[in-house]
>>> print(open('my_file26.txt').read())   # compact mmCIF, C-alpha atoms
# COMPACT_ATOMS: atom_id res chain seq x y z
CA MET J 117 189.53 268.58 25.20
CA TYR J 118 190.85 265.05 25.74
CA LEU J 119 191.17 265.71 29.47
CA ILE J 120 187.52 266.76 29.65
CA LEU J 121 186.50 263.55 27.91
CA LEU J 122 188.68 261.49 30.24
CA LEU J 123 187.47 263.19 33.41
CA PRO J 124 184.31 261.06 33.90
CA LEU J 125 186.35 257.89 33.40
CA LEU J 126 188.98 259.06 35.90
CA LEU J 127 186.30 259.92 38.47
CA PHE J 128 184.65 256.53 37.97
CA ALA J 129 187.99 254.75 38.41
CA TYR J 130 188.72 256.74 41.58
CA ALA J 131 185.30 255.94 43.03
CA SER J 132 185.66 252.25 42.12
CA ASN J 133 188.85 252.06 44.16
CA ASN J 134 187.96 254.27 47.12
CA HIS J 135 184.23 254.09 47.83
CA ILE J 136 183.63 251.51 50.58
CA SER J 137 180.52 249.40 50.15
CA VAL J 138 178.93 247.26 52.88
CA SER J 139 177.41 243.88 52.06
CA VAL J 140 175.07 242.38 54.66
CA HIS J 141 174.39 238.67 55.18
CA GLN J 142 172.02 237.18 57.74
CA LEU J 143 172.53 233.57 58.80
CA PRO J 144 170.66 231.36 61.30
CA LEU J 145 172.29 229.86 64.36
CA PRO J 146 171.05 226.24 64.21
CA LYS J 147 170.66 225.74 67.95
CA ARG J 148 167.77 226.00 70.40
CA LYS J 149 168.42 228.59 73.07
CA LYS J 150 166.11 230.27 75.55
CA HIS J 151 167.86 233.63 75.34
CA PRO J 152 168.66 234.32 71.70
CA SER J 153 171.29 236.90 70.87
CA THR J 154 172.65 238.03 67.51
CA LEU J 155 176.37 237.88 66.79
CA SER J 156 177.60 240.77 64.65
CA VAL J 157 180.72 239.95 62.62
CA VAL J 158 182.62 242.34 60.37
CA HIS J 159 184.72 240.57 57.75
CA ILE J 160 187.73 242.38 56.26
CA SER J 161 190.17 241.04 53.69
CA ASP J 162 192.96 242.08 51.32
CA LEU J 163 193.68 245.56 52.63
CA HIS J 164 197.09 245.43 50.93
CA ASN J 165 198.26 248.36 53.05
CA LYS J 166 195.74 250.71 51.42
CA SER J 167 194.79 253.94 53.17
CA PHE J 168 191.20 255.16 53.49
CA GLY J 169 191.74 258.69 54.73
CA ALA J 170 194.06 260.04 57.39
CA GLY J 171 194.46 257.46 60.14
CA GLN J 172 192.14 255.09 58.19
CA ILE J 173 189.28 257.28 59.42
CA ARG J 174 186.74 256.34 56.73
CA LEU J 175 187.32 252.61 57.18
CA ILE J 176 187.28 252.73 60.98
CA GLN J 177 184.15 254.89 61.15
CA GLN J 178 182.32 252.57 58.77
CA ILE J 179 183.23 249.50 60.83
CA ALA J 180 182.35 251.17 64.13
CA SER J 181 178.91 252.11 62.79
CA LEU J 182 178.12 248.40 62.35
CA HIS J 183 178.67 247.67 66.08
CA PRO J 184 180.53 244.38 65.58
CA ASP J 185 181.14 241.87 68.35
CA LEU J 186 184.26 240.71 66.53
CA ILE J 187 186.23 241.48 63.38
CA ALA J 188 187.51 238.66 61.16
CA VAL J 189 190.47 239.42 58.89
CA THR J 190 191.23 236.85 56.20
CA GLY J 191 194.71 237.79 55.10
CA ASP J 192 196.75 240.12 52.90
CA LEU J 193 196.71 243.07 55.24
CA VAL J 194 200.11 244.00 53.83
CA ASP J 195 201.70 243.96 50.41
CA ARG J 196 205.27 244.06 49.21
CA ALA J 197 205.40 247.65 50.46
CA PRO J 198 205.81 248.76 54.12
CA TYR J 199 202.88 248.03 56.40
CA ARG J 200 202.18 251.41 58.06
CA HIS J 201 198.53 251.67 56.99
CA ALA J 202 197.86 248.06 58.01
CA VAL J 203 199.22 248.75 61.50
CA ILE J 204 197.11 251.88 61.87
CA PHE J 205 194.01 249.95 60.84
CA LEU J 206 194.63 247.07 63.26
CA LYS J 207 195.46 249.31 66.22
CA LYS J 208 192.33 251.41 65.81
CA ALA J 209 190.00 248.55 64.88
CA SER J 210 191.14 246.54 67.93
CA GLN J 211 189.74 249.35 70.11
CA ILE J 212 186.27 248.58 68.70
CA CYS J 213 186.23 244.83 69.45
CA PRO J 214 188.47 241.74 69.32
CA ILE J 215 190.08 240.94 65.96
CA TYR J 216 190.76 237.42 64.67
CA VAL J 217 193.37 237.24 61.91
CA VAL J 218 194.76 234.66 59.50
CA ARG J 219 197.74 235.33 57.28
CA GLY J 220 197.53 235.45 53.49
CA ASN J 221 200.13 234.85 50.82
CA HIS J 222 201.18 238.50 50.76
CA GLU J 223 202.20 238.43 54.40
CA SER J 224 204.60 235.68 53.31
CA ILE J 225 205.80 237.62 50.25
CA ALA J 226 206.43 240.78 52.29
CA GLY J 227 208.45 238.85 54.85
CA ASN J 228 207.86 241.43 57.59
CA PHE J 229 204.97 239.90 59.55
CA LYS J 230 207.05 239.37 62.71
CA ASP J 231 207.89 243.07 62.76
CA LEU J 232 204.21 243.91 62.31
CA GLN J 233 203.32 241.65 65.26
CA LYS J 234 205.79 243.47 67.50
CA GLU J 235 204.12 246.81 66.70
CA LEU J 236 200.74 245.35 67.63
CA ALA J 237 201.76 243.93 71.00
CA GLY J 238 199.09 244.71 73.59
CA CYS J 239 196.25 245.05 71.07
CA ASP J 240 193.22 242.75 71.21
CA ILE J 241 194.32 240.79 68.14
CA HIS J 242 194.18 237.01 67.92
CA LEU J 243 196.45 235.49 65.27
CA LEU J 244 195.21 232.04 64.28
CA LYS J 245 197.82 229.74 62.78
CA ASN J 246 196.12 226.38 62.24
CA ASN J 247 194.36 226.54 65.59
CA CYS J 248 191.02 227.50 67.14
CA GLU J 249 189.81 229.91 69.80
CA ASP J 250 186.36 230.19 71.37
CA PHE J 251 184.41 233.44 71.52
CA GLN J 252 181.59 233.68 74.07
CA LYS J 253 178.48 235.82 73.94
CA HIS J 254 175.41 235.44 76.17
CA GLY J 255 175.95 231.74 76.75
CA TYR J 256 176.83 230.91 73.14
CA THR J 257 180.18 229.44 72.16
CA TYR J 258 181.46 230.42 68.73
CA ARG J 259 184.53 228.41 67.74
CA ILE J 260 186.80 230.37 65.38
CA ALA J 261 189.34 228.31 63.45
CA GLY J 262 192.09 229.80 61.34
CA LEU J 263 194.03 228.26 58.46
CA ASP J 264 197.50 229.68 57.96
CA ASP J 265 198.25 230.37 54.30
CA PRO J 266 200.28 227.59 52.65
CA ALA J 267 202.72 230.18 51.26
CA PHE J 268 204.26 230.25 54.75
CA HIS J 269 204.95 226.52 54.61
CA GLY J 270 206.43 226.10 51.14
CA ARG J 271 203.41 224.23 49.81
CA GLU J 272 201.70 226.85 47.69
CA LYS J 273 201.96 224.95 44.38
CA LYS J 274 200.29 221.80 45.76
CA TYR J 275 198.42 223.31 48.65
CA ALA J 276 195.10 221.40 48.66
CA PRO J 277 196.56 218.19 50.21
CA TYR J 278 198.42 220.28 52.79
CA MET J 279 195.25 222.18 53.69
CA LYS J 280 193.30 218.93 54.04
CA LYS J 281 195.92 217.43 56.33
CA THR J 282 195.95 220.62 58.42
CA LEU J 283 192.15 220.68 58.70
CA ASP J 284 192.12 217.00 59.72
CA LYS J 285 194.58 217.68 62.54
CA MET J 286 192.85 220.87 63.67
CA THR J 287 189.34 219.41 63.81
CA ARG J 288 190.52 216.24 65.60
CA ARG J 289 192.29 218.36 68.20
CA HIS J 290 189.16 220.37 69.01
CA ASN J 291 186.33 217.86 68.63
CA HIS J 292 186.34 216.99 72.34
CA SER J 293 184.56 220.19 73.38
CA LYS J 294 181.24 221.46 72.09
CA ALA J 295 180.55 224.71 70.30
CA ASP J 296 177.24 226.23 69.24
CA TYR J 297 178.63 227.56 65.97
CA GLN J 298 181.88 226.96 64.10
CA ILE J 299 183.59 229.53 61.88
CA LEU J 300 186.62 228.95 59.67
CA LEU J 301 188.88 231.79 58.49
CA SER J 302 190.93 230.97 55.40
CA HIS J 303 192.49 233.27 52.86
CA ARG J 304 191.67 231.09 49.84
CA PRO J 305 188.04 230.59 48.74
CA GLU J 306 188.57 228.13 45.89
CA LEU J 307 188.84 225.19 48.32
CA PHE J 308 185.19 225.42 49.35
CA HIS J 309 184.67 221.83 48.16
CA LEU J 310 187.15 220.87 50.90
CA TYR J 311 185.96 223.19 53.67
CA CYS J 312 182.36 221.94 53.44
CA ARG J 313 183.44 218.41 54.40
CA TYR J 314 184.17 219.62 57.93
CA PRO J 315 181.80 220.74 60.71
CA PHE J 316 182.04 224.45 59.88
CA ASP J 317 178.81 226.42 59.74
CA LEU J 318 180.50 229.45 58.19
CA VAL J 319 183.70 229.93 56.18
CA LEU J 320 185.14 233.41 55.55
CA CYS J 321 187.65 234.00 52.75
CA GLY J 322 189.20 236.68 50.54
CA HIS J 323 192.10 236.47 48.04
CA ALA J 324 190.00 236.74 44.85
CA HIS J 325 189.59 240.56 44.94
CA GLY J 326 186.08 240.14 43.56
CA GLY J 327 187.55 239.10 40.22
CA GLN J 328 189.25 242.53 40.11
CA VAL J 329 187.23 243.81 37.12
CA ARG J 330 183.53 242.89 37.30
CA PRO J 331 181.62 243.62 34.08
CA PRO J 332 177.82 243.37 34.52
CA PHE J 333 176.46 239.83 34.91
CA THR J 334 179.87 238.33 35.74
CA ASP J 335 181.74 237.36 38.90
CA GLY J 336 184.89 239.04 37.68
CA LEU J 337 187.48 238.41 35.02
CA TYR J 338 190.36 236.88 36.96
CA ALA J 339 191.27 235.59 40.42
CA PRO J 340 194.52 234.11 41.78
CA ASN J 341 194.57 230.29 41.75
CA GLN J 342 191.30 230.26 39.77
CA GLY J 343 192.26 231.89 36.50
CA ILE J 344 189.86 233.64 34.13
CA PHE J 345 186.12 233.81 34.84
CA PRO J 346 186.54 232.45 38.38
CA LYS J 347 183.73 230.84 40.35
CA TYR J 348 184.48 231.99 43.90
CA THR J 349 185.04 235.76 44.02
CA SER J 350 182.32 237.25 46.22
CA GLY J 351 179.06 236.72 48.07
CA ALA J 352 177.65 233.65 49.79
CA HIS J 353 177.92 230.06 48.57
CA THR J 354 176.23 227.17 50.39
CA LYS J 355 176.93 223.46 50.18
CA ASN J 356 175.85 220.74 52.60
CA HIS J 357 175.67 222.46 55.99
CA THR J 358 178.33 225.10 55.25
CA THR J 359 178.08 228.67 53.94
CA GLU J 360 181.18 230.34 52.51
CA ILE J 361 181.18 234.15 52.33
CA ILE J 362 183.89 235.76 50.23
CA SER J 363 185.04 239.34 50.66
CA ARG J 364 185.88 241.30 47.52
CA GLY J 365 188.62 242.93 49.59
CA LEU J 366 189.64 246.52 50.12
CA GLY J 367 192.94 247.09 48.33
CA ASN J 368 194.85 246.09 45.23
CA SER J 369 198.11 244.33 44.60
CA SER J 370 199.76 243.45 41.29
CA PHE J 371 196.94 244.93 39.20
CA PRO J 372 196.32 248.38 40.75
CA LEU J 373 192.79 249.05 39.49
CA ARG J 374 189.27 247.87 40.32
CA LEU J 375 186.33 248.42 37.98
CA PHE J 376 182.66 247.85 38.89
CA ASN J 377 184.09 246.42 42.10
CA ASP J 378 184.06 248.76 45.09
CA PRO J 379 186.21 247.96 48.15
CA GLU J 380 184.02 245.93 50.47
CA ILE J 381 183.23 245.46 54.15
CA VAL J 382 181.19 242.33 54.79
CA HIS J 383 178.75 242.48 57.71
CA ILE J 384 177.39 239.14 58.93
CA LEU J 385 174.55 238.79 61.43
CA ILE J 386 174.27 235.31 62.94
CA LYS J 387 170.80 235.08 64.47
CA PRO J 388 169.62 232.22 66.71
CA GLN J 389 166.48 230.55 65.49
CA ILE J 390 163.40 231.13 67.62
CA LEU J 391 160.92 228.29 67.60
CA PRO J 392 157.17 229.04 67.29
CA ASN J 393 156.61 228.40 71.00
CA GLY J 394 159.23 231.01 71.85
CA ILE J 395 161.92 228.57 72.99
>>> encode(input="my_file26.txt", output="structure tokens")
Amino acid sequence: MYLILLLPLLLFAYASNNHISVSVHQLPLPKRKKHPSTLSVVHISDLHNKSFGAGQIRLIQQIASLHPDLIAVTGDLVDRAPYRHAVIFLKKASQICPIYVVRGNHESIAGNFKDLQKELAGCDIHLLKNNCEDFQKHGYTYRIAGLDDPAFHGREKKYAPYMKKTLDKMTRRHNHSKADYQILLSHRPELFHLYCRYPFDLVLCGHAHGGQVRPPFTDGLYAPNQGIFPKYTSGAHTKNHTTEIISRGLGNSSFPLRLFNDPEIVHILIKPQILPNGI
């Protein structure tokens, strides 16, 4: 009898942790170009070595159906456990398009990221550790910057000053060459007030797990480094010239259950503006 009563709750919990949702965001490219072209970006975060079917088939098929030009991964691919499912995901996803990755705090906790890199040798994966790379499409230059997580540098308790110093150095180093659009990958979303001071058009983050449990009309109950009723857990936030988009993530870590908070793929379409005269 009790099992029958619990069954709907168990099915709901299973669906909340295994059904992959896709959130779509459309953003303008603030440049005048004669030959506009849309950049399709898939944003993945916080896999935590979770499996979505044999060989990650459900996750890979969903990403492939979105026809991305690039995949951005904002940390915590692994957890404290081995990283087999993370490796399978990266190897198969890199056959779809280039992947740009920054490390999260759980890559530091696991302590096995160098081993993971060795297994991925030869894949089209770009690890960004406080540096930038340019991605070209149809005459557009998209500059992709990546902030390494402060957990790797022993500054996690007082990380905001470290992140500011790192951003200062990184932006000074790359301000000599022009880019049509600038994207920052950073694991931690709560520093949006800092990111928006720099010339980034778009910031992609994870880490908050969507607040883990999301009762209706809330942004979640708890997020690391933000505490209860956090502000930055999902969706798009805009300040000044910068939009931050936060992934709710795919997997779980210390608290192994999501509620009202499906695993998420974020799909971003960056569309050049077309002026009325067609230019």
>>> atom_distance(input="my_file26.txt", atom1="atom CA of J:Ile215", atom2="atom CA of J:Leu186")
5.9 Å
>>> residues_around(input="my_file26.txt", residues="J:Glu249", least_positions_apart="3", cutoff="9 Å", atoms="all atoms listed in the file", output="list in words")
His242, Leu244, Tyr258, Arg259, Ile260, Ala261 and Gly262 of chain J
>>> write_last_selection(input="my_file26.txt", atoms="C-alpha atoms", output="JSON list (two decimals), in the coordinates of the input")
[["chain", "number", "residue", "atom", "x", "y", "z"],
["J", 242, "HIS", "CA", 194.18, 237.01, 67.92],
["J", 244, "LEU", "CA", 195.21, 232.04, 64.28],
["J", 258, "TYR", "CA", 181.46, 230.42, 68.73],
["J", 259, "ARG", "CA", 184.53, 228.41, 67.74],
["J", 260, "ILE", "CA", 186.80, 230.37, 65.38],
["J", 261, "ALA", "CA", 189.34, 228.31, 63.45],
["J", 262, "GLY", "CA", 192.09, 229.80, 61.34]]
>>> residues_around(input="my_file26.txt", residues="stretch 171-179 of chain J", least_positions_apart="5", cutoff="7 Å", atoms="only C-alpha atoms", output="compact mmCIF listing (two decimals) with C-alpha atoms, keeping the file's coordinate frame")
# COMPACT_ATOMS: atom_id res chain seq x y z
CA ILE J 204 197.11 251.88 61.87
CA PHE J 205 194.01 249.95 60.84
CA ALA J 209 190.00 248.55 64.88
>>> closest_residue(input="my_file26.txt", among="J:Asn246, J:Ser369, J:Gln233, J:Gln252", to="J:Met279", atoms="only C-alpha atoms")
J:Asn246
>>> residues_near_point(input="my_file26.txt", point="(185.9, 218.7, 58.1)", cutoff="9 Å", atoms="only C-alpha atoms", output="list in words")
Lys280, Leu283, Asp284, Thr287, Leu310, Tyr311, Cys312, Arg313, Tyr314, Pro315 and Phe316 of chain J
>>> write_last_selection(input="my_file26.txt", atoms="C-alpha atoms", output="PDB file, keeping the file's coordinate frame")
ATOM      1  CA  LYS J 280     193.300 218.930  54.040  1.00  0.00           C
ATOM      2  CA  LEU J 283     192.150 220.680  58.700  1.00  0.00           C
ATOM      3  CA  ASP J 284     192.120 217.000  59.720  1.00  0.00           C
ATOM      4  CA  THR J 287     189.340 219.410  63.810  1.00  0.00           C
ATOM      5  CA  LEU J 310     187.150 220.870  50.900  1.00  0.00           C
ATOM      6  CA  TYR J 311     185.960 223.190  53.670  1.00  0.00           C
ATOM      7  CA  CYS J 312     182.360 221.940  53.440  1.00  0.00           C
ATOM      8  CA  ARG J 313     183.440 218.410  54.400  1.00  0.00           C
ATOM      9  CA  TYR J 314     184.170 219.620  57.930  1.00  0.00           C
ATOM     10  CA  PRO J 315     181.800 220.740  60.710  1.00  0.00           C
ATOM     11  CA  PHE J 316     182.040 224.450  59.880  1.00  0.00           C
TER      12      PHE J 316
END
>>> closest_residue(input="my_file26.txt", among="J:Val158, J:Ile384, J:Leu373, J:Leu320", to="J:Val140", atoms="only C-alpha atoms")
J:Ile384
>>> residues_around(input="my_file26.txt", residues="J:Gly270", least_positions_apart="5", cutoff="12 Å", atoms="all atoms listed in the file", output="ChimeraX atom specification")
/J:221,224-225,264-265,275,278
>>> write_last_selection(input="my_file26.txt", atoms="C-alpha atoms", output="short mmCIF file (atom, residue, chain, number, x, y, z; two decimals), keeping the file's coordinate frame")
data_model
loop_
_atom_site.label_atom_id
_atom_site.label_comp_id
_atom_site.auth_asym_id
_atom_site.auth_seq_id
_atom_site.Cartn_x
_atom_site.Cartn_y
_atom_site.Cartn_z
CA ASN J 221 200.13 234.85 50.82
CA SER J 224 204.60 235.68 53.31
CA ILE J 225 205.80 237.62 50.25
CA ASP J 264 197.50 229.68 57.96
CA ASP J 265 198.25 230.37 54.30
CA TYR J 275 198.42 223.31 48.65
CA TYR J 278 198.42 220.28 52.79
#
>>> axis_aligned_box(input="my_file26.txt", around="stretch 349-358 of chain J", padding_each_side="6 Å", output="JSON")
{"center_x": 180.4, "center_y": 229.0, "center_z": 50.0, "size_x": 21.4, "size_y": 28.5, "size_z": 24.0}
>>> closest_residue(input="my_file26.txt", among="J:Gly227, J:Gly367, J:Pro184, J:Pro332", to="J:Cys213", atoms="only C-alpha atoms")
J:Pro184
>>> closest_residue(input="my_file26.txt", among="J:Leu143, J:Ile212, J:Val138, J:Leu193", to="J:Thr359", atoms="only C-alpha atoms")
J:Leu143
>>> atom_distance(input="my_file26.txt", atom1="atom CA of J:Leu307", atom2="atom CA of J:Leu385")
23.7 Å
>>> closest_residue(input="my_file26.txt", among="J:Asn134, J:Thr334, J:Asn165, J:Gln142", to="J:Asp195", atoms="all atoms listed in the file")
J:Asn165
>>> closest_residue(input="my_file26.txt", among="J:Ser350, J:Ser156, J:Thr190, J:Asn247", to="J:Lys285", atoms="all atoms listed in the file")
J:Asn247
>>> atom_distance(input="my_file26.txt", atom1="atom CA of J:Val217", atom2="atom CA of J:Leu243")
4.9 Å
>>> decode(input="my_file26.txt", residues="stretch 318-330 of chain J", atoms="all heavy atoms", output="CSV table (one decimal), in the first residue's frame")
chain,number,residue,atom,x,y,z
J,318,LEU,N,28.8,38.4,-23.4
J,318,LEU,CA,28.1,37.3,-22.8
J,318,LEU,C,29.0,36.6,-21.8
J,318,LEU,O,30.2,36.4,-22.1
J,318,LEU,CB,27.7,36.3,-24.0
J,318,LEU,CG,27.1,35.0,-23.6
J,318,LEU,CD1,25.8,35.1,-22.9
J,318,LEU,CD2,27.0,34.1,-24.9
J,319,VAL,N,28.4,36.2,-20.7
J,319,VAL,CA,29.1,35.4,-19.7
J,319,VAL,C,28.3,34.1,-19.5
J,319,VAL,O,27.1,34.2,-19.3
J,319,VAL,CB,29.3,36.2,-18.3
J,319,VAL,CG1,30.0,35.3,-17.3
J,319,VAL,CG2,30.0,37.5,-18.5
J,320,LEU,N,29.0,33.0,-19.5
J,320,LEU,CA,28.3,31.7,-19.2
J,320,LEU,C,28.9,31.1,-18.0
J,320,LEU,O,30.1,31.0,-17.8
J,320,LEU,CB,28.6,30.7,-20.4
J,320,LEU,CG,28.1,31.2,-21.8
J,320,LEU,CD1,28.4,30.2,-22.9
J,320,LEU,CD2,26.6,31.5,-21.8
J,321,CYS,N,28.0,30.6,-17.1
J,321,CYS,CA,28.4,30.1,-15.8
J,321,CYS,C,27.5,28.9,-15.4
J,321,CYS,O,26.5,28.6,-16.1
J,321,CYS,CB,28.2,31.1,-14.7
J,321,CYS,SG,29.1,32.7,-14.9
J,322,GLY,N,27.9,28.2,-14.4
J,322,GLY,CA,27.1,27.1,-13.8
J,322,GLY,C,27.2,27.1,-12.3
J,322,GLY,O,26.8,28.1,-11.7
J,323,HIS,N,27.6,26.0,-11.6
J,323,HIS,CA,27.9,26.0,-10.2
J,323,HIS,C,26.7,26.0,-9.3
J,323,HIS,O,26.8,25.3,-8.2
J,323,HIS,CB,28.9,27.1,-9.9
J,323,HIS,CG,29.5,27.0,-8.5
J,323,HIS,ND1,30.1,25.9,-8.0
J,323,HIS,CD2,29.7,28.0,-7.5
J,323,HIS,CE1,30.6,26.1,-6.8
J,323,HIS,NE2,30.3,27.4,-6.5
J,324,ALA,N,25.7,26.7,-9.6
J,324,ALA,CA,24.6,26.9,-8.7
J,324,ALA,C,23.6,25.7,-8.7
J,324,ALA,O,22.7,25.6,-7.8
J,324,ALA,CB,23.8,28.2,-8.9
J,325,HIS,N,23.6,24.9,-9.7
J,325,HIS,CA,22.7,23.7,-9.8
J,325,HIS,C,21.2,24.1,-9.8
J,325,HIS,O,20.4,23.4,-9.4
J,325,HIS,CB,22.9,22.7,-8.7
J,325,HIS,CG,24.2,22.0,-8.8
J,325,HIS,ND1,24.4,20.7,-8.4
J,325,HIS,CD2,25.4,22.3,-9.3
J,325,HIS,CE1,25.6,20.3,-8.6
J,325,HIS,NE2,26.3,21.3,-9.2
J,326,GLY,N,21.0,25.4,-10.3
J,326,GLY,CA,19.6,25.8,-10.4
J,326,GLY,C,19.0,26.0,-9.0
J,326,GLY,O,17.7,26.1,-8.9
J,327,GLY,N,19.8,26.1,-7.9
J,327,GLY,CA,19.3,26.2,-6.6
J,327,GLY,C,18.9,24.8,-6.0
J,327,GLY,O,18.3,24.7,-5.0
J,328,GLN,N,19.2,23.8,-6.8
J,328,GLN,CA,19.0,22.3,-6.5
J,328,GLN,C,17.5,22.0,-6.3
J,328,GLN,O,17.0,21.2,-7.1
J,328,GLN,CB,19.7,22.0,-5.1
J,328,GLN,CG,19.9,20.5,-5.0
J,328,GLN,CD,21.0,20.0,-5.9
J,328,GLN,OE1,22.0,20.5,-6.1
J,328,GLN,NE2,20.7,18.8,-6.5
J,329,VAL,N,16.8,22.5,-5.4
J,329,VAL,CA,15.3,22.3,-5.3
J,329,VAL,C,14.6,23.6,-5.6
J,329,VAL,O,14.9,24.7,-4.9
J,329,VAL,CB,15.0,21.8,-3.9
J,329,VAL,CG1,13.5,21.7,-3.7
J,329,VAL,CG2,15.7,20.5,-3.6
J,330,ARG,N,13.7,23.6,-6.6
J,330,ARG,CA,13.1,24.9,-7.1
J,330,ARG,C,11.6,24.9,-6.9
J,330,ARG,O,10.9,24.5,-7.8
J,330,ARG,CB,13.5,25.1,-8.5
J,330,ARG,CG,14.9,25.4,-8.8
J,330,ARG,CD,15.2,25.5,-10.3
J,330,ARG,NE,14.6,26.6,-10.9
J,330,ARG,CZ,15.2,27.8,-11.0
J,330,ARG,NH1,16.4,28.0,-10.5
J,330,ARG,NH2,14.6,28.8,-11.6
